[in-house]
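K.L.:
The file below is upload-v1.txt, compact mmCIF, C-alpha atoms:
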```
# COMPACT_ATOMS: atom_id res chain seq x y z
CA MET A 1 117.03 -151.47 -64.76
CA ILE A 2 115.25 -148.18 -64.08
CA ASP A 3 117.94 -146.43 -66.15
CA LEU A 4 117.21 -148.68 -69.11
CA VAL A 5 113.47 -148.02 -68.78
CA LEU A 6 114.12 -144.24 -68.70
CA VAL A 7 116.39 -144.34 -71.74
CA VAL A 8 113.98 -146.50 -73.75
CA ALA A 9 111.01 -144.29 -72.83
CA GLY A 10 113.02 -141.21 -73.80
CA LEU A 11 114.02 -142.71 -77.13
CA VAL A 12 110.37 -143.62 -77.85
CA LEU A 13 109.36 -139.99 -77.18
CA ILE A 14 112.15 -138.74 -79.45
CA SER A 15 110.95 -141.10 -82.21
CA ILE A 16 107.42 -139.73 -81.83
CA GLY A 17 108.96 -136.26 -82.20
CA VAL A 18 110.70 -137.30 -85.44
CA PHE A 19 107.36 -138.54 -86.80
CA TYR A 20 105.60 -135.28 -85.90
CA ASP A 21 108.36 -133.19 -87.44
CA PHE A 22 108.13 -135.22 -90.64
CA VAL A 23 104.35 -134.88 -90.78
CA GLY A 24 104.59 -131.17 -89.98
CA ALA A 25 107.12 -130.59 -92.77
CA ILE A 26 104.97 -132.42 -95.33
CA GLY A 27 101.85 -130.60 -94.13
CA LEU A 28 103.58 -127.22 -94.36
CA LEU A 29 104.34 -127.90 -98.01
CA ARG A 30 101.19 -129.72 -99.13
CA LEU A 31 98.20 -128.33 -97.21
CA PRO A 32 95.92 -125.95 -99.15
CA ASN A 33 95.74 -122.65 -97.21
CA PHE A 34 97.39 -120.56 -94.52
CA TYR A 35 95.41 -121.84 -91.52
CA THR A 36 95.91 -125.53 -92.25
CA ARG A 37 99.60 -124.93 -92.83
CA LEU A 38 99.79 -123.10 -89.50
CA HIS A 39 98.16 -126.14 -87.96
CA ALA A 40 100.91 -128.33 -89.42
CA ALA A 41 103.58 -125.97 -88.07
CA THR A 42 102.01 -126.10 -84.61
CA ALA A 43 101.96 -129.89 -84.73
CA GLY A 44 105.67 -129.66 -85.46
CA ALA A 45 106.19 -127.31 -82.50
CA ILE A 46 104.29 -129.31 -79.88
CA GLY A 47 104.73 -132.87 -81.13
CA GLY A 48 108.09 -132.25 -82.72
CA ALA A 49 109.77 -130.12 -80.06
CA VAL A 50 107.99 -130.44 -76.70
CA VAL A 51 107.64 -134.24 -76.76
CA PRO A 52 111.24 -135.01 -77.84
CA MET A 53 112.53 -132.48 -75.29
CA ILE A 54 110.78 -134.42 -72.53
CA GLY A 55 112.35 -137.52 -74.11
CA THR A 56 115.76 -135.85 -73.92
CA ALA A 57 115.20 -135.17 -70.23
CA LEU A 58 114.37 -138.85 -69.64
CA VAL A 59 117.42 -140.04 -71.62
CA ALA A 60 119.66 -137.64 -69.68
CA LEU A 61 118.23 -138.91 -66.37
CA GLY A 62 118.87 -142.49 -67.42
CA ALA A 63 122.37 -141.93 -68.79
CA ASP A 64 124.38 -142.81 -65.69
CA TYR A 65 127.80 -142.25 -67.29
CA LEU A 66 127.12 -138.50 -67.68
CA GLY A 67 127.53 -137.96 -63.93
CA PRO A 68 125.81 -135.25 -61.87
CA PRO A 69 125.58 -132.73 -64.80
CA ARG A 70 122.82 -134.93 -66.26
CA PHE A 71 120.40 -133.47 -63.71
CA PHE A 72 121.09 -129.95 -65.04
CA LEU A 73 120.54 -131.25 -68.56
CA ALA A 74 117.29 -132.95 -67.62
CA GLY A 75 115.99 -129.96 -65.68
CA ALA A 76 116.79 -127.52 -68.47
CA ALA A 77 115.18 -129.77 -71.10
CA PHE A 78 112.06 -130.26 -69.00
CA ALA A 79 111.69 -126.57 -68.14
CA SER A 80 112.14 -125.47 -71.75
CA SER A 81 109.63 -128.07 -72.93
CA ILE A 82 107.01 -126.68 -70.54
CA LEU A 83 107.80 -123.10 -71.58
CA LEU A 84 107.50 -124.03 -75.23
CA MET A 85 104.21 -125.79 -74.55
CA VAL A 86 102.82 -122.57 -73.03
CA LEU A 87 104.24 -120.27 -75.70
CA ALA A 88 104.00 -122.11 -79.02
CA GLN A 89 100.21 -122.18 -78.95
CA ALA A 90 100.03 -118.52 -77.94
CA GLY A 91 102.25 -117.55 -80.85
CA SER A 92 100.33 -119.49 -83.47
CA HIS A 93 97.03 -118.24 -81.99
CA ALA A 94 98.24 -114.64 -82.33
CA ILE A 95 99.35 -115.23 -85.94
CA ALA A 96 96.08 -116.94 -86.89
CA ARG A 97 93.97 -114.24 -85.23
CA ALA A 98 95.90 -111.47 -86.95
CA ALA A 99 95.54 -113.22 -90.31
CA TYR A 100 91.79 -113.76 -89.77
CA ILE A 101 90.98 -110.22 -88.64
CA SER A 102 93.09 -108.50 -91.30
CA GLY A 103 91.67 -110.84 -93.96
CA GLU A 104 95.04 -111.09 -95.69
CA ALA A 105 95.06 -114.89 -95.87
CA PRO A 106 92.47 -116.53 -98.16
CA ARG A 107 90.09 -118.74 -96.17
CA GLU A 108 89.13 -121.12 -98.96
CA PRO A 109 88.82 -124.12 -98.96
CA ILE A 110 86.59 -123.92 -95.88
CA LEU A 111 83.81 -126.13 -94.52
CA HIS A 112 82.47 -124.07 -91.62
CA ASP A 113 83.50 -120.66 -90.24
CA ALA A 114 82.44 -120.71 -86.58
CA LEU A 115 84.12 -117.39 -85.88
CA LYS A 116 82.03 -115.67 -88.55
CA ASP A 117 78.81 -116.79 -86.83
CA ARG A 118 79.95 -115.09 -83.64
CA GLY A 119 80.64 -111.78 -85.32
CA GLY A 120 84.24 -112.07 -86.42
CA GLU A 121 85.96 -111.51 -83.07
CA MET B 1 108.55 -133.15 -108.83
CA ASN B 2 110.14 -132.94 -112.27
CA LEU B 3 113.66 -133.83 -113.31
CA ARG B 4 114.99 -130.29 -112.94
CA GLU B 5 114.00 -130.03 -109.25
CA ALA B 6 115.43 -133.48 -108.56
CA VAL B 7 118.77 -132.52 -110.12
CA ILE B 8 118.88 -129.30 -108.07
CA ALA B 9 118.09 -131.16 -104.82
CA VAL B 10 120.70 -133.86 -105.45
CA SER B 11 123.37 -131.35 -106.42
CA ILE B 12 122.74 -129.22 -103.29
CA ALA B 13 122.92 -132.33 -101.10
CA LEU B 14 126.12 -133.42 -102.87
CA MET B 15 127.69 -129.98 -102.40
CA ILE B 16 126.89 -129.94 -98.67
CA ALA B 17 128.29 -133.47 -98.24
CA LEU B 18 131.49 -132.66 -100.15
CA LEU B 19 131.97 -129.38 -98.27
CA ALA B 20 131.45 -131.13 -94.92
CA TYR B 21 133.95 -133.82 -95.90
CA THR B 22 136.51 -131.26 -97.07
CA ILE B 23 136.24 -129.20 -93.87
CA GLY B 24 136.28 -132.32 -91.71
CA ALA B 25 139.42 -133.63 -93.42
CA GLY B 26 141.15 -130.28 -92.87
CA GLY B 27 141.18 -129.33 -96.55
CA LEU B 28 140.33 -125.66 -95.84
CA GLY B 29 143.03 -125.27 -93.20
CA PRO B 30 143.02 -126.53 -89.63
CA ILE B 31 139.64 -126.33 -87.86
CA ALA B 32 141.22 -125.01 -84.67
CA PRO B 33 144.90 -124.59 -83.88
CA SER B 34 146.10 -127.48 -81.72
CA ARG B 35 148.28 -125.35 -79.45
CA LEU B 36 147.20 -122.21 -77.63
CA ARG B 37 148.89 -118.88 -78.14
CA ASP B 38 150.96 -117.48 -75.27
CA LEU B 39 148.43 -114.69 -74.66
CA ALA B 40 145.58 -117.20 -74.32
CA VAL B 41 147.66 -119.33 -71.96
CA SER B 42 148.43 -116.32 -69.78
CA TYR B 43 144.74 -115.37 -69.60
CA LEU B 44 143.71 -118.93 -68.80
CA ILE B 45 146.30 -119.21 -66.04
CA ASN B 46 145.73 -115.77 -64.51
CA THR B 47 141.96 -115.26 -64.74
CA TYR B 48 141.31 -117.18 -61.55
CA ASN B 49 144.61 -117.58 -59.76
CA PRO B 50 144.47 -117.11 -55.98
CA TRP B 51 148.18 -118.00 -55.67
CA ASN B 52 149.34 -115.07 -57.83
CA ILE B 53 146.81 -112.43 -56.91
CA THR B 54 148.61 -109.45 -58.47
CA LYS B 55 147.99 -110.75 -61.99
CA SER B 56 144.59 -112.33 -61.42
CA ALA B 57 141.03 -111.02 -61.81
CA LEU B 58 139.64 -113.68 -59.45
CA SER B 59 136.81 -114.31 -61.89
CA LEU B 60 135.86 -117.81 -63.01
CA GLU B 61 134.85 -116.55 -66.46
CA ALA B 62 137.76 -115.44 -68.65
CA VAL B 63 135.65 -113.35 -71.05
CA THR B 64 134.11 -111.20 -68.32
CA ALA B 65 137.52 -110.85 -66.66
CA ILE B 66 139.04 -109.55 -69.92
CA VAL B 67 136.06 -107.34 -70.74
CA TRP B 68 135.63 -105.60 -67.38
CA ASP B 69 139.00 -106.01 -65.67
CA TYR B 70 141.97 -106.33 -68.02
CA ARG B 71 140.49 -103.89 -70.57
CA GLY B 72 137.83 -102.17 -68.47
CA LEU B 73 138.35 -98.66 -69.83
CA ASP B 74 138.01 -99.94 -73.40
CA THR B 75 134.70 -101.60 -72.52
CA PHE B 76 133.47 -98.45 -70.83
CA PHE B 77 133.92 -96.42 -74.02
CA GLU B 78 132.45 -99.25 -76.06
CA THR B 79 129.34 -99.31 -73.92
CA SER B 80 129.11 -95.51 -73.89
CA VAL B 81 128.51 -95.68 -77.66
CA LEU B 82 125.14 -97.26 -76.88
CA PHE B 83 124.28 -94.66 -74.27
CA VAL B 84 125.26 -91.76 -76.50
CA SER B 85 123.10 -93.16 -79.31
CA ILE B 86 120.15 -93.45 -76.91
CA VAL B 87 120.65 -89.83 -75.88
CA GLY B 88 120.63 -89.06 -79.61
CA VAL B 89 117.30 -90.84 -80.09
CA ALA B 90 115.77 -88.95 -77.17
CA LEU B 91 117.16 -85.70 -78.55
CA VAL B 92 115.74 -86.20 -82.05
CA PHE B 93 112.28 -86.79 -80.59
CA ARG B 94 112.50 -84.02 -77.98
CA GLY B 95 109.23 -82.34 -77.13
CA TYR B 96 107.08 -85.48 -77.33
CA ARG B 97 104.38 -86.16 -74.75
CA GLU B 98 103.22 -89.62 -73.72
CA LYS B 99 99.42 -89.82 -73.90
CA LEU B 100 97.03 -92.38 -72.50
CA GLY B 101 93.80 -93.50 -74.14
CA LEU B 102 94.89 -93.52 -77.77
CA GLY B 103 93.23 -96.88 -78.30
CA GLY B 104 94.91 -100.22 -78.79
CA LYS B 105 93.60 -103.21 -76.83
CA GLY B 106 96.54 -105.51 -77.32
CA LEU B 107 96.28 -109.10 -78.41
CA SER B 108 93.71 -111.66 -77.30
CA GLU B 109 93.21 -113.14 -73.84
CA ILE B 110 95.13 -116.35 -74.64
CA VAL B 111 98.29 -114.49 -75.61
CA LYS B 112 97.97 -112.14 -72.63
CA THR B 113 97.73 -115.04 -70.19
CA SER B 114 100.81 -116.79 -71.59
CA THR B 115 102.73 -113.51 -71.52
CA LYS B 116 101.76 -113.05 -67.87
CA VAL B 117 103.37 -116.43 -67.16
CA LEU B 118 106.45 -115.48 -69.14
CA THR B 119 107.03 -111.94 -67.83
CA PRO B 120 108.53 -112.75 -64.39
CA LEU B 121 110.59 -115.56 -65.93
CA ILE B 122 112.22 -113.17 -68.43
CA LEU B 123 113.01 -110.72 -65.62
CA ILE B 124 114.53 -113.43 -63.39
CA ALA B 125 116.51 -114.99 -66.25
CA GLY B 126 117.90 -111.58 -67.25
CA ILE B 127 118.96 -110.72 -63.69
CA SER B 128 120.49 -114.18 -63.30
CA ILE B 129 122.50 -113.81 -66.53
CA ALA B 130 123.73 -110.41 -65.34
CA ILE B 131 124.78 -111.29 -61.80
CA HIS B 132 126.35 -114.61 -62.80
CA GLY B 133 128.43 -112.85 -65.45
CA HIS B 134 131.70 -113.65 -63.65
CA LEU B 135 130.76 -117.33 -63.19
CA THR B 136 129.03 -118.40 -66.39
CA PRO B 137 128.89 -117.08 -69.96
CA GLY B 138 126.84 -113.89 -70.07
CA GLY B 139 127.20 -110.58 -68.32
CA GLY B 140 125.69 -107.16 -67.86
CA PHE B 141 125.03 -106.29 -71.48
CA GLN B 142 123.51 -109.66 -72.28
CA GLY B 143 121.31 -109.66 -69.17
CA GLY B 144 120.23 -106.08 -69.82
CA SER B 145 119.21 -106.77 -73.41
CA PHE B 146 117.34 -109.83 -72.15
CA ILE B 147 115.32 -107.64 -69.77
CA ALA B 148 114.75 -105.01 -72.48
CA VAL B 149 112.77 -107.63 -74.44
CA LEU B 150 110.19 -107.35 -71.67
CA LEU B 151 109.02 -103.87 -72.66
CA VAL B 152 108.89 -104.80 -76.35
CA LEU B 153 106.82 -107.88 -75.55
CA MET B 154 104.51 -105.98 -73.20
CA SER B 155 103.92 -103.15 -75.64
CA VAL B 156 102.99 -105.63 -78.38
CA VAL B 157 100.84 -107.93 -76.28
CA PHE B 158 99.25 -105.52 -73.79
CA SER B 159 99.47 -102.32 -75.94
CA LEU B 160 101.62 -99.24 -75.39
CA ASP B 161 98.86 -97.68 -73.27
CA PHE B 162 99.30 -100.42 -70.70
CA VAL B 163 103.07 -99.95 -70.58
CA ILE B 164 102.86 -96.18 -70.10
CA GLY B 165 99.91 -96.52 -67.72
CA SER B 166 101.80 -99.01 -65.55
CA GLY B 167 104.42 -96.36 -64.84
CA LEU B 168 107.17 -97.29 -67.31
CA THR B 169 107.36 -93.77 -68.71
CA SER B 170 110.41 -92.54 -70.55
CA SER B 171 111.43 -90.17 -67.76
CA LYS B 172 111.53 -93.06 -65.28
CA LEU B 173 113.52 -95.19 -67.74
CA LEU B 174 115.93 -92.29 -68.24
CA MET B 175 116.35 -92.06 -64.47
CA LEU B 176 117.03 -95.81 -64.17
CA ARG B 177 119.57 -95.59 -66.97
CA SER B 178 121.30 -92.69 -65.22
CA ILE B 179 121.41 -94.66 -61.96
CA GLY B 180 123.07 -97.53 -63.82
CA LEU B 181 125.63 -95.22 -65.45
CA VAL B 182 126.42 -93.52 -62.14
CA GLY B 183 126.86 -96.99 -60.63
CA VAL B 184 129.32 -98.01 -63.36
CA LEU B 185 131.26 -94.77 -62.96
CA SER B 186 131.39 -94.91 -59.16
CA THR B 187 132.47 -98.57 -59.24
CA SER B 188 135.33 -97.67 -61.56
CA VAL B 189 136.65 -94.90 -59.29
CA ALA B 190 135.74 -96.48 -55.93
CA LEU B 191 139.25 -97.74 -55.21
CA VAL B 192 140.82 -94.45 -56.34
CA VAL B 193 138.68 -92.56 -53.81
CA LEU B 194 139.54 -95.12 -51.13
CA GLY B 195 143.22 -94.82 -52.04
CA ILE B 196 143.10 -91.03 -51.67
CA VAL B 197 141.42 -91.38 -48.27
CA LEU B 198 143.91 -94.02 -47.06
CA GLY B 199 146.91 -92.35 -48.69
CA THR B 200 147.91 -95.21 -51.01
CA HIS B 201 148.05 -95.63 -54.77
CA ALA B 202 145.19 -97.08 -56.80
CA TYR B 203 144.26 -97.16 -60.47
CA ILE B 204 140.99 -96.32 -62.19
CA PHE B 205 139.17 -99.58 -63.02
CA GLN B 206 141.33 -101.42 -60.49
CA ASN B 207 139.82 -104.67 -59.31
CA ILE B 208 142.33 -106.79 -57.39
CA ALA B 209 145.53 -105.62 -55.71
CA ARG B 210 148.38 -104.98 -58.18
CA GLU B 211 152.07 -104.30 -57.66
CA GLY B 212 152.38 -100.90 -55.99
CA SER B 213 148.67 -100.52 -55.26
CA PRO B 214 147.61 -102.91 -52.51
CA LEU B 215 143.87 -102.12 -52.44
CA SER B 216 141.38 -104.62 -53.80
CA MET B 217 137.61 -104.96 -53.99
CA PRO B 218 135.83 -107.57 -51.81
CA THR B 219 136.15 -110.83 -53.74
CA TRP B 220 133.95 -113.17 -51.72
CA LEU B 221 130.30 -112.84 -50.74
CA LEU B 222 129.73 -115.51 -48.05
CA ASP B 223 131.01 -118.61 -49.90
CA ARG B 224 130.68 -117.30 -53.47
CA PRO B 225 133.35 -115.51 -55.50
CA THR B 226 132.16 -112.10 -56.73
CA GLY B 227 135.11 -111.20 -58.93
CA GLY B 228 135.54 -107.87 -57.12
CA THR B 229 134.28 -105.07 -59.37
CA LEU B 230 132.90 -107.49 -61.97
CA LEU B 231 129.68 -108.17 -60.04
CA PHE B 232 128.97 -104.45 -59.62
CA PHE B 233 129.86 -103.65 -63.23
CA ASN B 234 127.56 -106.41 -64.50
CA LEU B 235 124.72 -105.33 -62.22
CA PHE B 236 124.84 -101.64 -63.08
CA GLU B 237 125.51 -102.30 -66.76
CA ALA B 238 122.45 -104.57 -66.88
CA LEU B 239 120.32 -101.83 -65.29
CA ALA B 240 121.63 -99.17 -67.67
CA VAL B 241 121.30 -101.32 -70.80
CA ALA B 242 117.82 -102.59 -69.91
CA ALA B 243 116.52 -99.09 -69.20
CA GLY B 244 118.35 -97.54 -72.16
CA LEU B 245 117.17 -100.05 -74.77
CA SER B 246 113.61 -99.92 -73.38
CA LEU B 247 113.73 -96.13 -73.61
CA ALA B 248 114.92 -96.24 -77.21
CA PHE B 249 112.14 -98.67 -78.13
CA LEU B 250 109.50 -96.65 -76.28
CA VAL B 251 110.51 -93.42 -78.00
CA LEU B 252 110.69 -95.04 -81.43
CA SER B 253 107.23 -96.60 -81.07
CA LEU B 254 105.37 -93.45 -80.02
CA ARG B 255 102.12 -92.66 -81.86
CA GLU B 256 101.76 -89.76 -84.27
CA SER B 257 99.71 -87.50 -82.00
CA GLU B 258 102.34 -87.89 -79.29
CA VAL B 259 105.17 -86.56 -81.42
CA GLU B 260 103.16 -83.81 -83.13
CA GLU B 261 104.77 -81.09 -81.06
CA ALA B 262 108.24 -82.49 -81.68
CA LEU B 263 107.60 -82.49 -85.42
CA GLY B 264 106.19 -78.94 -85.26
CA GLU B 265 109.27 -77.78 -83.42
CA SER B 266 111.57 -79.16 -86.06
CA GLU B 267 109.68 -77.23 -88.72
CA TRP B 268 110.12 -74.12 -86.63
CA TYR B 269 113.89 -74.66 -86.65
CA GLU B 270 113.92 -74.79 -90.43
```
Will you turn the file into structure tokens for me?
P.N.:
Amino acid sequence: MIDLVLVVAGLVLISIGVFYDFVGAIGLLRLPNFYTRLHAATAGAIGGAVVPMIGTALVALGADYLGPPRFFLAGAAFASSILLMVLAQAGSHAIARAAYISGEAPREPILHDALKDRGGE
Amino acid sequence: MNLREAVIAVSIALMIALLAYTIGAGGLGPIAPSRLRDLAVSYLINTYNPWNITKSALSLEAVTAIVWDYRGLDTFFETSVLFVSIVGVALVFRGYREKLGLGGKGLSEIVKTSTKVLTPLILIAGISIAIHGHLTPGGGFQGGSFIAVLLVLMSVVFSLDFVIGSGLTSSKLLMLRSIGLVGVLSTSVALVVLGIVLGTHAYIFQNIAREGSPLSMPTWLLDRPTGGTLLFFNLFEALAVAAGLSLAFLVLSLRESEVEEALGESEWYE
């Protein structure tokens, strides 16, 4: 019973990941400027990679027929999901900051530039 | 989307599907031969074979056994290509001086914090890849290049000033690389020296006892197989590769005012 719950929960998380990847791909193609597209890519990284990786860990834990190696699989998936959660945001932050400070990427269309009010840093 | 783009998309998808079907049905030749060659069979049987120790490497990983035991001398010259090229890099830039306080603050606080989390993990993963080279895929070169990423990452995120200021200067890296190379060399001749002392025969790069040379390296550490020389080779190779690649990167990323003297010297030679 608990196995079934784990597998179903894992599959739900993987489906959420598919949705985020789809939205991220559309956003990467259709959004107007660099920063919004970067936002779409980050949604794809966190929602489309971290969440389904946790789902994979749950499915592996629930899949009884895989035997003891399923714990390695689950542990590796869980650890890499946490690492990616720490690193994906740092990477996109660095890219966005570099693009903002160098001024290479056009900022329009823009509603409010909070960073400009604070002096650009 | 106009008609032209739609046609292109459909034709690309159709080509991929047809190619996948052709390969899957074996149209471009067999995907993998169904029977192993005799050489492969002999390696698979002998790589870890405690019942026929004179042909075995006592390593659980066939690739590492071939690379550092069955063709160890070959690998040594292969790996010395890297070390010679690093000596070449250091020679081209001879006369440079590492300076502190040339500016460069690194990236923002968010990136620095995540890199601080990541740094020990990269080091541990690299060491683990290196010292498990005889058990799992990986080995000294792979682990060493893994660790070398650390200096690249630190110099980008924390700035080159931080790297040099924290003591990772090129002379120290050169010393670490030399320690690794001396380790590789002394591991390869360890049994020869022991054989001379004990008055028996032994080969260079010998790992386990062979016919006519009964000496062999220690193959078990407590309850773990070490693969004899393979553990030492992987360890020292990882040290040498990590320090060597870091040195090459450090020298190549020096600032202009640090290599001024080196450039002036080259003009003097002309």
K.L.:
Could you jot down the atom CA of Glu78 of chain B to atom CA of Gln142 of chain B separation for me, Å, one decimal place?
P.N.:
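Atom-to-atom, atom CA of Glu78 of chain B and atom CA of Gln142 of chain B are spaced 14.2 Å apart.
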K.L.:
Could you check the closest approach to chain A for each of B:Leu14, B:Val67, B:Val111, B:Val92 and tell me which residue wins, using all atoms listed in the file?
P.N.:
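Comparing B:Leu14, B:Val67, B:Val111, B:Val92 against chain A, the winner is B:Val111.
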K.L.:
Produce a table with one row for each residue of chain B that has an atom at most 8 Å from any atom of chain A, each row naming the nearest atom pair and its distance in Å at one decimal; use only C-alpha atoms; arrange rows by chain and rising residue number; format as a Markdown table.
P.N.:
```
| residue | atom | partner | partner_atom | distance |
| --- | --- | --- | --- | --- |
| B:Leu107 | CA | A:Ala94 | CA | 7.1 |
| B:Ser108 | CA | A:Ala94 | CA | 7.4 |
| B:Ile110 | CA | A:Ala90 | CA | 6.3 |
| B:Val111 | CA | A:Ala90 | CA | 5.0 |
| B:Ser114 | CA | A:Val86 | CA | 6.3 |
```
K.L.:
With C-alpha atoms retained, could you export that selection as a PDB file, keeping the file's coordinate frame?
P.N.:
```pdb
ATOM      1  CA  LEU B 107      96.280-109.100 -78.410  1.00  0.00           C
ATOM      2  CA  SER B 108      93.710-111.660 -77.300  1.00  0.00           C
ATOM      3  CA  ILE B 110      95.130-116.350 -74.640  1.00  0.00           C
ATOM      4  CA  VAL B 111      98.290-114.490 -75.610  1.00  0.00           C
ATOM      5  CA  SER B 114     100.810-116.790 -71.590  1.00  0.00           C
TER       6      SER B 114
END
```
K.L.:
If we count all atoms listed in the file, what is near Gly55 of chain A at a cut-off of 8 Å, once residues fewer than 5 positions away on the same chain are taken out, given as a PyMOL selection string?
P.N.:
chain A and resi 9-14
K.L.:
Can you tell me which residues surround segment 43-46 of chain B at a distance of at most 8 Å, considering only C-alpha atoms, apart from same-chain residues fewer than 5 positions away, and format the answer as a PyMOL selection string?
P.N.:
chain B and resi 52+55-57+62
K.L.:
Using Å and a single decimal, report how far atom CA of Thr136 of chain B sits from atom CA of Glu61 of chain B.
P.N.:
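Straight-line distance from atom CA of Glu61 of chain B to atom CA of Thr136 of chain B works out to 6.1 Å.
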K.L.:
What is the atom CA of Phe83 of chain B-atom CA of Ala240 of chain B distance in Å, reported with one decimal?
P.N.:
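Atom CA of Ala240 of chain B lies 8.4 Å from atom CA of Phe83 of chain B.
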K.L.:
Write out as number ranges by chain the residues lying within 7 Å of Gly180 of chain B, counting all atoms listed in the file and excluding same-chain residues fewer than 2 positions away.
P.N.:
B: 176-178, 182-184, 236-237, 239-240
K.L.:
Using only C-alpha atoms, which residues sit within 12 Å of Ala79 of chain A once same-chain residues fewer than 5 positions away are excluded, as a list of chain:residue names?
P.N.:
A:Val50, A:Met53, A:Ile54, A:Thr56, A:Ala57, A:Phe71, A:Phe72, A:Leu73, A:Ala74, A:Leu84, A:Met85, A:Val86, B:Leu121
K.L.:
Which residues are near Glu260 of chain B? Cut-off 10 Å, all atoms listed in the file, ignore same chain within fewer than 6 positions. Put them as a list in words.
P.N.:
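Here the qualifying residues turn out to be Phe93, Gly95, Tyr96 and Arg97 of chain B.
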